[in-house]
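Student: Structure in structure tokens, see below.
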Amino acid sequence: MKTRSMYKAERMSLDRLPEPVLETILCCLLTEDAARTSILSREWRYKWTTIPNLEFNLIDMDMHDLHQVLLRRQGPIHELTLSVGSYWRDDYSLFEFNQIILLLLRNHTDTIKKLRLDAWGGLWNELPISVFALHHLTDLSLCGPFVIDLPSMFNGLGSLGRLELSYVEISTQTLRRLLSNCPSLTSLSLYIGYSDDKCTINDLLKCLPVIEHLTISSDGCKCEVIFIHMIYN
């Protein structure tokens with residue numbers, strides 16, 4: 001049986017870990033689990049508030065709780081993953097999500113590079129257009145079911161290098177407009193749940209001048225193309 005002094009020695013050994021090692025450990029956890037490490041010792045109380053890569057599963061918490069966690073952040077956010085599933089059911093959920101995006105725009109718009117939103121198991125809902133105001137994103141994954149539209153004043157995502165749209169409803173016109181305003185896009189993964197079915201691969205290539213990897217899936221079929229230093233005229 002461990003004695004109190006043995007537990008104290010273990011906590012002290014954890015406290016002596018280099019900061020990069022601590023950050024790596026915490027980034028491997030769901031953020032709500034990382035937050036629970038605050039009870040380990042006084043030194044660990046606020047360490048979770050500075051990890052740059054956050055991952056939340058809204059099965060265990062709601063949007064309000066998530067908003068409160070983000071308000072307590074003490075450092076930049078580089079990556080954010082939200083698994084919302086069947087939680088995303090009504091207009092109030094969308095309103096809460098918009099508040100989260102507005103918080104990111106206000107406090108982290110220059111630092112957040114990767115956003116993944118996974119709503120598998122939810123109902124079809126319109127994706128808040130505020131997502132497309134995160135202009136410094138380099139990696140964006142939207143796994144529906146989502147209905148996607150763009151804001152009328154959409155200025156593009158100039159730094160975006162990778163885009164995944166999975167099980168979304170988006171018109172051909174909107175898709176072309178989105179891709180045409182992502183000039184740095186080198187990787188595109190596309191699974192369209194519903195569309196007007198008028199977009200061909202050639203149409204996509206005209207919008208993707210520096211594409212290197214293109215994957216298109218639909219109804220169990222998959223087409224994967226890898227381009228090496230492709231120049232499309």
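Identifiers for the structure tokens are assigned positionally: chains receive A, B, ... in sequence, residues are indexed from 1 per chain, and ligands are indexed from 1 in the order shown.
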Give me the residues near segment 66-79 of chain A as number ranges by chain, where near means some atom within 8 Å (using only C-alpha atoms) and where sequence neighbours in that chain fewer than 5 positions away do not count.
Tutor: A: 49-54, 56, 61, 99-100, 108, 111-115
Student: Need to verify the contact set: Ser180 of chain A, 10 Å, only C-alpha atoms, exclusion of same-chain residues closer than 2 positions in sequence. Can you return it as an NGL selection string?
Tutor: :A and (156-157 or 174-178 or 182-185 or 204-209)
Student: Record the distance separating atom CA of Leu150 of chain A and atom CA of Phe132 of chain A, expressed in Å with one decimal.
Tutor: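 Value for the atom CA of Leu150 of chain A-atom CA of Phe132 of chain A distance: 7.4 Å.
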Student: Counting only C-alpha atoms, which residue out of A:Pro128, A:Gly144, A:Gly161, A:Pro18 sits closest to Ser187 of chain A?
Tutor: A:Gly161
Student: Just the helix (DSSP H, G or I) stuff from segment 87-207 of chain A, please, per backbone DSSP, written as a count of residues only.
Tutor: 38
Student: Could you give me, as a count of residues only, each residue of segment 38-168 of chain A that DSSP assigns to strand (DSSP E) when run on this structure's backbone?
Tutor: 33
Student: Select, from A:Leu127, A:Leu165, A:Leu22, A:Met63, the residue with the minimum atom-to-atom distance to Leu142 of chain A, counting only C-alpha atoms.
Tutor: A:Leu165
Student: For Leu94 of chain A, which of A:Phe146, A:Arg106, A:Leu214, A:Ala133 is the closest residue, counting only C-alpha atoms?
Tutor: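 Smallest distance to Leu94 of chain A is found for A:Phe146.
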Student: Between atom CA of Thr109 of chain A and atom CA of Val131 of chain A, what distance in Å does the model show, to one decimal?
Tutor: 10.9 Å
Student: Would you mind reading off the distance between atom CA of Leu117 of chain A and atom CA of Gly158 of chain A, one decimal, in Å?
Tutor: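 Going from atom CA of Leu117 of chain A over to atom CA of Gly158 of chain A covers 19.9 Å.
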Student: Tell me which of A:Leu105, A:Ile129, A:Leu188, A:Ile201 sits closest to Arg162 of chain A, counting only C-alpha atoms.
Tutor: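 Between A:Leu105, A:Ile129, A:Leu188, A:Ile201, the residue approaching Arg162 of chain A most closely is A:Leu188.
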Student: From the options A:Thr172, A:Asn202, A:Asn155, A:Thr138, which residue's atoms come nearest to Arg116 of chain A, counting only C-alpha atoms?
Tutor: A:Thr138
